[in-house]
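Note: the block below is my_file.pdb and it holds PDB, C-alpha atoms, pLDDT in the B column.
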MODEL        1
ATOM      1  CA  MET A  17       2.648   8.709  20.699  1.00 65.00           C
ATOM      2  CA  ALA A  18       3.728   5.719  18.638  1.00 72.00           C
ATOM      3  CA  GLN A  19       2.721   5.567  14.980  1.00 79.00           C
ATOM      4  CA  ILE A  20       1.372   2.582  13.098  1.00 82.00           C
ATOM      5  CA  ASN A  21       2.772   2.243   9.588  1.00 92.00           C
ATOM      6  CA  PRO A  22       1.534  -0.431   7.160  1.00 94.00           C
ATOM      7  CA  TYR A  23       4.104  -2.817   5.664  1.00 94.00           C
ATOM      8  CA  ILE A  24       2.995  -4.725   2.547  1.00 94.00           C
ATOM      9  CA  ASN A  25       4.569  -7.842   1.003  1.00 93.00           C
ATOM     10  CA  PHE A  26       4.452  -8.423  -2.769  1.00 94.00           C
ATOM     11  CA  ASN A  27       5.359 -11.227  -5.183  1.00 93.00           C
ATOM     12  CA  GLY A  28       7.852  -9.270  -7.289  1.00 94.00           C
ATOM     13  CA  ASN A  29       5.849  -6.163  -8.230  1.00 96.00           C
ATOM     14  CA  THR A  30       6.580  -3.874  -5.266  1.00 97.00           C
ATOM     15  CA  GLU A  31       8.221  -1.204  -7.400  1.00 98.00           C
ATOM     16  CA  GLU A  32       5.251  -1.040  -9.779  1.00 98.00           C
ATOM     17  CA  ALA A  33       2.766  -0.923  -6.895  1.00 97.00           C
ATOM     18  CA  PHE A  34       4.672   1.756  -4.991  1.00 98.00           C
ATOM     19  CA  ASN A  35       5.018   3.936  -8.082  1.00 98.00           C
ATOM     20  CA  PHE A  36       1.230   3.655  -8.368  1.00 98.00           C
ATOM     21  CA  TYR A  37       0.771   4.608  -4.687  1.00 98.00           C
ATOM     22  CA  LYS A  38       3.190   7.532  -5.165  1.00 98.00           C
ATOM     23  CA  SER A  39       1.060   8.737  -8.106  1.00 98.00           C
ATOM     24  CA  VAL A  40      -1.974   8.779  -5.793  1.00 97.00           C
ATOM     25  CA  PHE A  41      -0.469  10.229  -2.600  1.00 97.00           C
ATOM     26  CA  GLY A  42       2.439  12.244  -4.027  1.00 97.00           C
ATOM     27  CA  GLY A  43       5.718  12.714  -2.224  1.00 97.00           C
ATOM     28  CA  GLU A  44       9.057  11.022  -2.739  1.00 98.00           C
ATOM     29  CA  PHE A  45      10.393   7.671  -1.636  1.00 98.00           C
ATOM     30  CA  GLU A  46      12.285   7.979   1.621  1.00 97.00           C
ATOM     31  CA  MET A  47      14.185   4.785   0.969  1.00 94.00           C
ATOM     32  CA  ILE A  48      14.607   2.158  -1.747  1.00 97.00           C
ATOM     33  CA  ILE A  49      16.879  -0.816  -1.077  1.00 94.00           C
ATOM     34  CA  ARG A  50      17.236  -3.606  -3.618  1.00 95.00           C
ATOM     35  CA  PHE A  51      18.377  -7.109  -2.738  1.00 92.00           C
ATOM     36  CA  LYS A  52      21.630  -6.540  -4.682  1.00 91.00           C
ATOM     37  CA  ASP A  53      22.381  -3.551  -2.405  1.00 91.00           C
ATOM     38  CA  MET A  54      22.510  -5.757   0.683  1.00 83.00           C
ATOM     39  CA  PRO A  55      24.011  -9.125  -0.272  1.00 77.00           C
ATOM     40  CA  ASN A  56      23.768 -11.718   2.465  1.00 78.00           C
ATOM     41  CA  PRO A  57      25.167 -15.246   2.038  1.00 79.00           C
ATOM     42  CA  GLU A  58      22.480 -16.551   4.411  1.00 78.00           C
ATOM     43  CA  ILE A  59      19.675 -15.276   2.162  1.00 77.00           C
ATOM     44  CA  PRO A  60      19.902 -16.934  -1.263  1.00 78.00           C
ATOM     45  CA  ILE A  61      18.687 -14.303  -3.735  1.00 84.00           C
ATOM     46  CA  SER A  62      18.674 -15.412  -7.375  1.00 87.00           C
ATOM     47  CA  GLU A  63      20.070 -13.287 -10.226  1.00 90.00           C
ATOM     48  CA  ASN A  64      16.549 -12.537 -11.484  1.00 92.00           C
ATOM     49  CA  GLU A  65      15.624 -11.136  -8.046  1.00 92.00           C
ATOM     50  CA  ALA A  66      18.704  -8.924  -7.515  1.00 93.00           C
ATOM     51  CA  ASP A  67      16.851  -5.789  -8.667  1.00 95.00           C
ATOM     52  CA  LYS A  68      13.718  -6.580  -6.666  1.00 95.00           C
ATOM     53  CA  ILE A  69      12.821  -4.446  -3.656  1.00 96.00           C
ATOM     54  CA  MET A  70      14.125  -5.492  -0.248  1.00 93.00           C
ATOM     55  CA  HIS A  71      12.628  -2.383   1.391  1.00 95.00           C
ATOM     56  CA  ILE A  72      10.795   0.719   0.174  1.00 97.00           C
ATOM     57  CA  ALA A  73       9.281   3.575   2.168  1.00 97.00           C
ATOM     58  CA  LEU A  74       6.823   6.247   1.003  1.00 98.00           C
ATOM     59  CA  PRO A  75       5.963   8.939   3.570  1.00 97.00           C
ATOM     60  CA  ILE A  76       2.260   9.854   3.543  1.00 96.00           C
ATOM     61  CA  GLY A  77       1.512  12.675   5.944  1.00 93.00           C
ATOM     62  CA  LYS A  78       2.971  11.684   9.315  1.00 92.00           C
ATOM     63  CA  ASN A  79       2.896   7.989   8.372  1.00 94.00           C
ATOM     64  CA  VAL A  80       5.023   5.790   6.145  1.00 96.00           C
ATOM     65  CA  LEU A  81       3.767   3.120   3.749  1.00 97.00           C
ATOM     66  CA  MET A  82       6.441   0.421   3.478  1.00 96.00           C
ATOM     67  CA  GLY A  83       6.839  -2.763   1.496  1.00 96.00           C
ATOM     68  CA  ASN A  84       9.056  -5.369  -0.094  1.00 95.00           C
ATOM     69  CA  ASP A  85       9.195  -8.226  -2.569  1.00 94.00           C
ATOM     70  CA  VAL A  86       9.169 -11.639  -0.912  1.00 91.00           C
ATOM     71  CA  PRO A  87      12.097 -13.720  -2.235  1.00 87.00           C
ATOM     72  CA  GLU A  88      11.058 -16.771  -4.237  1.00 84.00           C
ATOM     73  CA  PHE A  89      12.674 -19.202  -1.770  1.00 80.00           C
ATOM     74  CA  MET A  90      10.210 -18.004   0.892  1.00 81.00           C
ATOM     75  CA  GLY A  91       7.173 -18.849  -1.245  1.00 82.00           C
ATOM     76  CA  LYS A  92       4.378 -16.690  -2.616  1.00 84.00           C
ATOM     77  CA  VAL A  93       2.377 -14.299  -0.452  1.00 83.00           C
ATOM     78  CA  ASN A  94      -1.402 -14.503  -0.589  1.00 80.00           C
ATOM     79  CA  GLU A  95      -2.405 -11.721  -2.972  1.00 75.00           C
ATOM     80  CA  ASN A  96      -6.025 -11.993  -1.879  1.00 74.00           C
ATOM     81  CA  GLU A  97      -5.367 -11.732   1.839  1.00 71.00           C
ATOM     82  CA  ASN A  98      -8.515 -10.565   3.577  1.00 68.00           C
ATOM     83  CA  ARG A  99      -7.677 -10.199   7.251  1.00 70.00           C
ATOM     84  CA  SER A 100      -6.629  -6.554   7.181  1.00 83.00           C
ATOM     85  CA  LYS A 101      -7.147  -3.262   5.376  1.00 91.00           C
ATOM     86  CA  ILE A 102      -5.157  -0.071   5.133  1.00 94.00           C
ATOM     87  CA  ALA A 103      -7.378   2.735   6.402  1.00 94.00           C
ATOM     88  CA  VAL A 104      -6.918   6.206   4.945  1.00 95.00           C
ATOM     89  CA  SER A 105      -8.419   9.130   6.879  1.00 94.00           C
ATOM     90  CA  ALA A 106      -8.912  12.042   4.505  1.00 95.00           C
ATOM     91  CA  GLU A 107      -9.052  15.696   5.507  1.00 95.00           C
ATOM     92  CA  SER A 108     -12.001  16.525   3.204  1.00 96.00           C
ATOM     93  CA  LYS A 109     -14.645  14.878   1.014  1.00 97.00           C
ATOM     94  CA  GLU A 110     -12.749  16.080  -2.038  1.00 97.00           C
ATOM     95  CA  GLU A 111      -9.542  14.427  -0.842  1.00 96.00           C
ATOM     96  CA  ALA A 112     -11.470  11.249   0.035  1.00 97.00           C
ATOM     97  CA  ASN A 113     -12.994  11.128  -3.466  1.00 98.00           C
ATOM     98  CA  ASN A 114      -9.635  11.758  -5.119  1.00 97.00           C
ATOM     99  CA  ILE A 115      -7.839   9.036  -3.142  1.00 97.00           C
ATOM    100  CA  PHE A 116     -10.716   6.556  -3.482  1.00 98.00           C
ATOM    101  CA  ASN A 117     -11.056   7.058  -7.239  1.00 98.00           C
ATOM    102  CA  LYS A 118      -7.324   6.851  -7.955  1.00 98.00           C
ATOM    103  CA  LEU A 119      -6.478   3.950  -5.628  1.00 97.00           C
ATOM    104  CA  SER A 120      -9.472   1.843  -6.677  1.00 98.00           C
ATOM    105  CA  GLU A 121      -8.739   2.235 -10.410  1.00 98.00           C
ATOM    106  CA  GLY A 122      -8.321  -1.252 -11.863  1.00 98.00           C
ATOM    107  CA  GLY A 123      -9.366  -2.852  -8.583  1.00 97.00           C
ATOM    108  CA  ASN A 124     -12.629  -4.129  -7.123  1.00 96.00           C
ATOM    109  CA  ILE A 125     -14.895  -1.751  -5.223  1.00 97.00           C
ATOM    110  CA  GLU A 126     -16.602  -3.440  -2.286  1.00 94.00           C
ATOM    111  CA  VAL A 127     -18.394  -0.360  -0.903  1.00 95.00           C
ATOM    112  CA  GLN A 128     -18.761   2.701  -3.130  1.00 97.00           C
ATOM    113  CA  ILE A 129     -17.678   5.866  -1.338  1.00 98.00           C
ATOM    114  CA  ALA A 130     -20.755   7.615   0.055  1.00 97.00           C
ATOM    115  CA  GLU A 131     -22.321   8.884   3.258  1.00 95.00           C
ATOM    116  CA  SER A 132     -22.276   6.036   5.776  1.00 92.00           C
ATOM    117  CA  PRO A 133     -24.916   5.144   8.392  1.00 86.00           C
ATOM    118  CA  TRP A 134     -22.419   6.081  11.136  1.00 89.00           C
ATOM    119  CA  GLY A 135     -22.010   9.644   9.825  1.00 90.00           C
ATOM    120  CA  SER A 136     -18.762   9.574   7.891  1.00 94.00           C
ATOM    121  CA  TYR A 137     -18.030   9.545   4.163  1.00 97.00           C
ATOM    122  CA  PHE A 138     -16.716   6.017   3.580  1.00 96.00           C
ATOM    123  CA  GLY A 139     -15.683   3.571   0.853  1.00 97.00           C
ATOM    124  CA  MET A 140     -13.896   0.212   0.690  1.00 96.00           C
ATOM    125  CA  PHE A 141     -12.084  -1.647  -2.104  1.00 96.00           C
ATOM    126  CA  ARG A 142      -9.278  -3.996  -3.123  1.00 95.00           C
ATOM    127  CA  ASP A 143      -6.718  -2.272  -5.367  1.00 96.00           C
ATOM    128  CA  LYS A 144      -5.305  -3.772  -8.566  1.00 95.00           C
ATOM    129  CA  TYR A 145      -2.481  -5.342  -6.518  1.00 94.00           C
ATOM    130  CA  GLY A 146      -4.874  -7.169  -4.182  1.00 92.00           C
ATOM    131  CA  ILE A 147      -4.350  -4.798  -1.231  1.00 94.00           C
ATOM    132  CA  GLU A 148      -7.508  -3.875   0.689  1.00 94.00           C
ATOM    133  CA  TRP A 149      -8.180  -0.242   1.574  1.00 96.00           C
ATOM    134  CA  THR A 150     -10.808   1.887   3.268  1.00 96.00           C
ATOM    135  CA  VAL A 151     -11.092   5.626   2.660  1.00 97.00           C
ATOM    136  CA  ASP A 152     -12.952   7.709   5.188  1.00 96.00           C
ATOM    137  CA  PHE A 153     -13.689  11.366   5.856  1.00 96.00           C
ATOM    138  CA  ASP A 154     -15.319  12.135   9.167  1.00 94.00           C
ATOM    139  CA  PRO A 155     -16.016  15.838   9.724  1.00 89.00           C
ATOM    140  CA  LYS A 156     -16.029  15.250  13.504  1.00 86.00           C
ATOM    141  CA  TYR A 157     -12.265  14.501  13.473  1.00 80.00           C
TER     142      TYR A 157
ENDMDL
END
Structure re-expressed in structure tokens:
Amino acid sequence: MAQINPYINFNGNTEEAFNFYKSVFGGEFEMIIRFKDMPNPEIPISENEADKIMHIALPIGKNVLMGNDVPEFMGKVNENENRSKIAVSAESKEEANNIFNKLSEGGNIEVQIAESPWGSYFGMFRDKYGIEWTVDFDPKY
């Protein structure tokens, strides 16, 4: 079966954000490529962006969280995008609480993690980087 892996764009703080995500989920980066590692005359990267992230990958379970810095010439990404969320399915209430509490630190909680009307343990928030998340534990799955 195909997997769906989230890919997040940032305005120059990908490395900081991914180090934060690594502190929450653990593991090691599978890949880190900086713009200076892949020079391309067709993509004008400025000196101050050479060390920025062109691609980063953090395995989380069977999935991979990926991201990059958007080069300045392409314009800023909307840091308060609200059309999508990254959904985390925890294996226990304890894991759900741990992930929710760590990932939401410094962010804005929209729905405090608690028993939901549909029978799962659910919470929703925007992290300190503007990325929206849901954390869910459903004992039926």
Query - Explicit residue set for the PyMOL selection byres ((chain A and resi 119) around 9), as a list in words - result: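 Given this file, the PyMOL selection byres ((chain A and resi 119) around 9) evaluates to Phe36, Tyr37, Val40, Asn114, Ile115, Phe116, Asn117, Lys118, Ser120, Glu121, Gly122, Gly123, Phe141, Arg142, Asp143, Lys144 and Trp149 of chain A.
Atom CA of Asp152 of chain A to atom CA of Gln128 of chain A spans 11.3 Å [interatomic distance, one decimal].
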Query raised in the report: So how many Å separate atom CA of Val151 of chain A and atom CA of Glu107 of chain A, to one decimal?
Result: 10.7 Å
Report task. Tell me, as a list in words, which residues lie within 8 Å of Val80 of chain A, counting only C-alpha atoms; anything in the same chain fewer than 6 positions away does not count. Result ->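 Non-adjacent residues within range: Asn21, Pro22, Ala73 and Leu74 of chain A.
Here atom CA of Asp154 of chain A is placed at a distance of 14.7 Å from atom CA of Met140 of chain A.
When only C-alpha atoms are used to compute distances to Ile102 of chain A, the closest of the residues A:Glu32, A:Glu46, A:Glu148, A:Asp67 turns out to be A:Glu148.
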Report task. Counting all atoms listed in the file, find the residues whose atoms lie at most 12 Å from (-0.6, -6.5, -6.8) (file coordinates) and write them out as number ranges by chain. Result -> A: 24-37, 83-85, 93-97, 122-123, 142-148
C-alpha atoms of the current selection, written as a short mmCIF file (atom, residue, chain, number, x, y, z; two decimals), in the coordinates of the input:
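Contents of out.cif, as written:
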data_model
loop_
_atom_site.label_atom_id
_atom_site.label_comp_id
_atom_site.auth_asym_id
_atom_site.auth_seq_id
_atom_site.Cartn_x
_atom_site.Cartn_y
_atom_site.Cartn_z
CA ILE A 24 3.00 -4.72 2.55
CA ASN A 25 4.57 -7.84 1.00
CA PHE A 26 4.45 -8.42 -2.77
CA ASN A 27 5.36 -11.23 -5.18
CA GLY A 28 7.85 -9.27 -7.29
CA ASN A 29 5.85 -6.16 -8.23
CA THR A 30 6.58 -3.87 -5.27
CA GLU A 31 8.22 -1.20 -7.40
CA GLU A 32 5.25 -1.04 -9.78
CA ALA A 33 2.77 -0.92 -6.90
CA PHE A 34 4.67 1.76 -4.99
CA ASN A 35 5.02 3.94 -8.08
CA PHE A 36 1.23 3.66 -8.37
CA TYR A 37 0.77 4.61 -4.69
CA GLY A 83 6.84 -2.76 1.50
CA ASN A 84 9.06 -5.37 -0.09
CA ASP A 85 9.20 -8.23 -2.57
CA VAL A 93 2.38 -14.30 -0.45
CA ASN A 94 -1.40 -14.50 -0.59
CA GLU A 95 -2.40 -11.72 -2.97
CA ASN A 96 -6.02 -11.99 -1.88
CA GLU A 97 -5.37 -11.73 1.84
CA GLY A 122 -8.32 -1.25 -11.86
CA GLY A 123 -9.37 -2.85 -8.58
CA ARG A 142 -9.28 -4.00 -3.12
CA ASP A 143 -6.72 -2.27 -5.37
CA LYS A 144 -5.30 -3.77 -8.57
CA TYR A 145 -2.48 -5.34 -6.52
CA GLY A 146 -4.87 -7.17 -4.18
CA ILE A 147 -4.35 -4.80 -1.23
CA GLU A 148 -7.51 -3.88 0.69
#
Requested in this report: Apply the PyMOL selection byres ((chain A and resi 43) around 8) to the displayed file and report the matching residues as a ChimeraX atom specification.
Outcome: /A:38,41-42,44-45,74-76
Query - Residue nearest Pro87 of chain A - candidates A:Lys156, A:Lys109, A:Arg99, A:His71, atoms counted: all atoms listed in the file - result: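 When distances to Pro87 of chain A are compared using all atoms listed in the file, the smallest one comes from A:His71.
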Report task. Given the file shown, determine the residues that the PyMOL selection byres ((chain A and resi 135) around 10) selects; report them as a VMD selection string. Result -> chain A and resid 131 to 134 136 to 138 153 to 156
Using C-alpha atoms, can you write the selected residues to a file as a PDB file, in the coordinates of the input?
ATOM      1  CA  GLU A 131     -22.321   8.884   3.258  1.00 95.00           C
ATOM      2  CA  SER A 132     -22.276   6.036   5.776  1.00 92.00           C
ATOM      3  CA  PRO A 133     -24.916   5.144   8.392  1.00 86.00           C
ATOM      4  CA  TRP A 134     -22.419   6.081  11.136  1.00 89.00           C
ATOM      5  CA  SER A 136     -18.762   9.574   7.891  1.00 94.00           C
ATOM      6  CA  TYR A 137     -18.030   9.545   4.163  1.00 97.00           C
ATOM      7  CA  PHE A 138     -16.716   6.017   3.580  1.00 96.00           C
ATOM      8  CA  PHE A 153     -13.689  11.366   5.856  1.00 96.00           C
ATOM      9  CA  ASP A 154     -15.319  12.135   9.167  1.00 94.00           C
ATOM     10  CA  PRO A 155     -16.016  15.838   9.724  1.00 89.00           C
ATOM     11  CA  LYS A 156     -16.029  15.250  13.504  1.00 86.00           C
TER      12      LYS A 156
END
Enclose all atoms of segment 63-66 of chain A listed in the file in an axis-aligned box, grow every side by 3 Å, and hand back centre and edge lengths in Å to one decimal, as AutoDock Vina command-line options.
--center_x 17.8 --center_y -11.1 --center_z -9.5 --size_x 10.4 --size_y 10.4 --size_z 10.0
Query - Residue nearest Lys101 of chain A - candidates A:Glu63, A:Asn79, A:Tyr23, A:Lys52, atoms counted: all atoms listed in the file - result: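 Checking each candidate against Lys101 of chain A, we get A:Tyr23 as the closest.
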Query raised in the report: Hey, which of A:Ile72, A:Ile125, A:Val86, A:Ser62 ends up closest to Gly139 of chain A? Count only C-alpha atoms.
Result: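 Result for the nearest residue to Gly139 of chain A: A:Ile125.
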Quick one: residues within 12 Å of Lys78 of chain A, all atoms listed in the file counted, chain neighbours fewer than 6 positions away excluded, as a short mmCIF file (atom, residue, chain, number, x, y, z; two decimals) with C-alpha atoms, in the coordinates of the input?
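Once everything was written out, this is result26.cif:
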data_model
loop_
_atom_site.label_atom_id
_atom_site.label_comp_id
_atom_site.auth_asym_id
_atom_site.auth_seq_id
_atom_site.Cartn_x
_atom_site.Cartn_y
_atom_site.Cartn_z
CA MET A 17 2.65 8.71 20.70
CA ALA A 18 3.73 5.72 18.64
CA GLN A 19 2.72 5.57 14.98
CA ILE A 20 1.37 2.58 13.10
CA ASN A 21 2.77 2.24 9.59
CA GLY A 43 5.72 12.71 -2.22
CA SER A 105 -8.42 9.13 6.88
#
Can you take segment 85-107 of chain A from the block and write C-alpha atoms as a CSV table (one decimal), in the first residue's frame?
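Below is the file that was written, decode-v1.csv:
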chain,number,residue,atom,x,y,z
A,85,ASP,CA,13.2,26.2,3.1
A,86,VAL,CA,11.5,28.1,0.2
A,87,PRO,CA,14.2,30.3,-1.6
A,88,GLU,CA,13.6,34.0,-1.3
A,89,PHE,CA,13.1,34.4,-5.0
A,90,MET,CA,10.0,32.2,-4.8
A,91,GLY,CA,8.4,34.4,-2.2
A,92,LYS,CA,7.2,33.7,1.3
A,93,VAL,CA,5.0,30.8,2.2
A,94,ASN,CA,1.9,31.4,4.3
A,95,GLU,CA,2.9,30.5,7.8
A,96,ASN,CA,-0.7,30.5,8.9
A,97,GLU,CA,-2.0,28.2,6.3
A,98,ASN,CA,-5.2,26.6,7.4
A,99,ARG,CA,-6.2,24.2,4.7
A,100,SER,CA,-4.5,21.1,6.1
A,101,LYS,CA,-3.2,19.4,9.3
A,102,ILE,CA,-0.7,16.7,10.0
A,103,ALA,CA,-2.5,13.9,11.8
A,104,VAL,CA,-0.6,11.9,14.3
A,105,SER,CA,-2.2,8.5,15.4
A,106,ALA,CA,-0.7,7.5,18.7
A,107,GLU,CA,-0.5,3.9,20.0
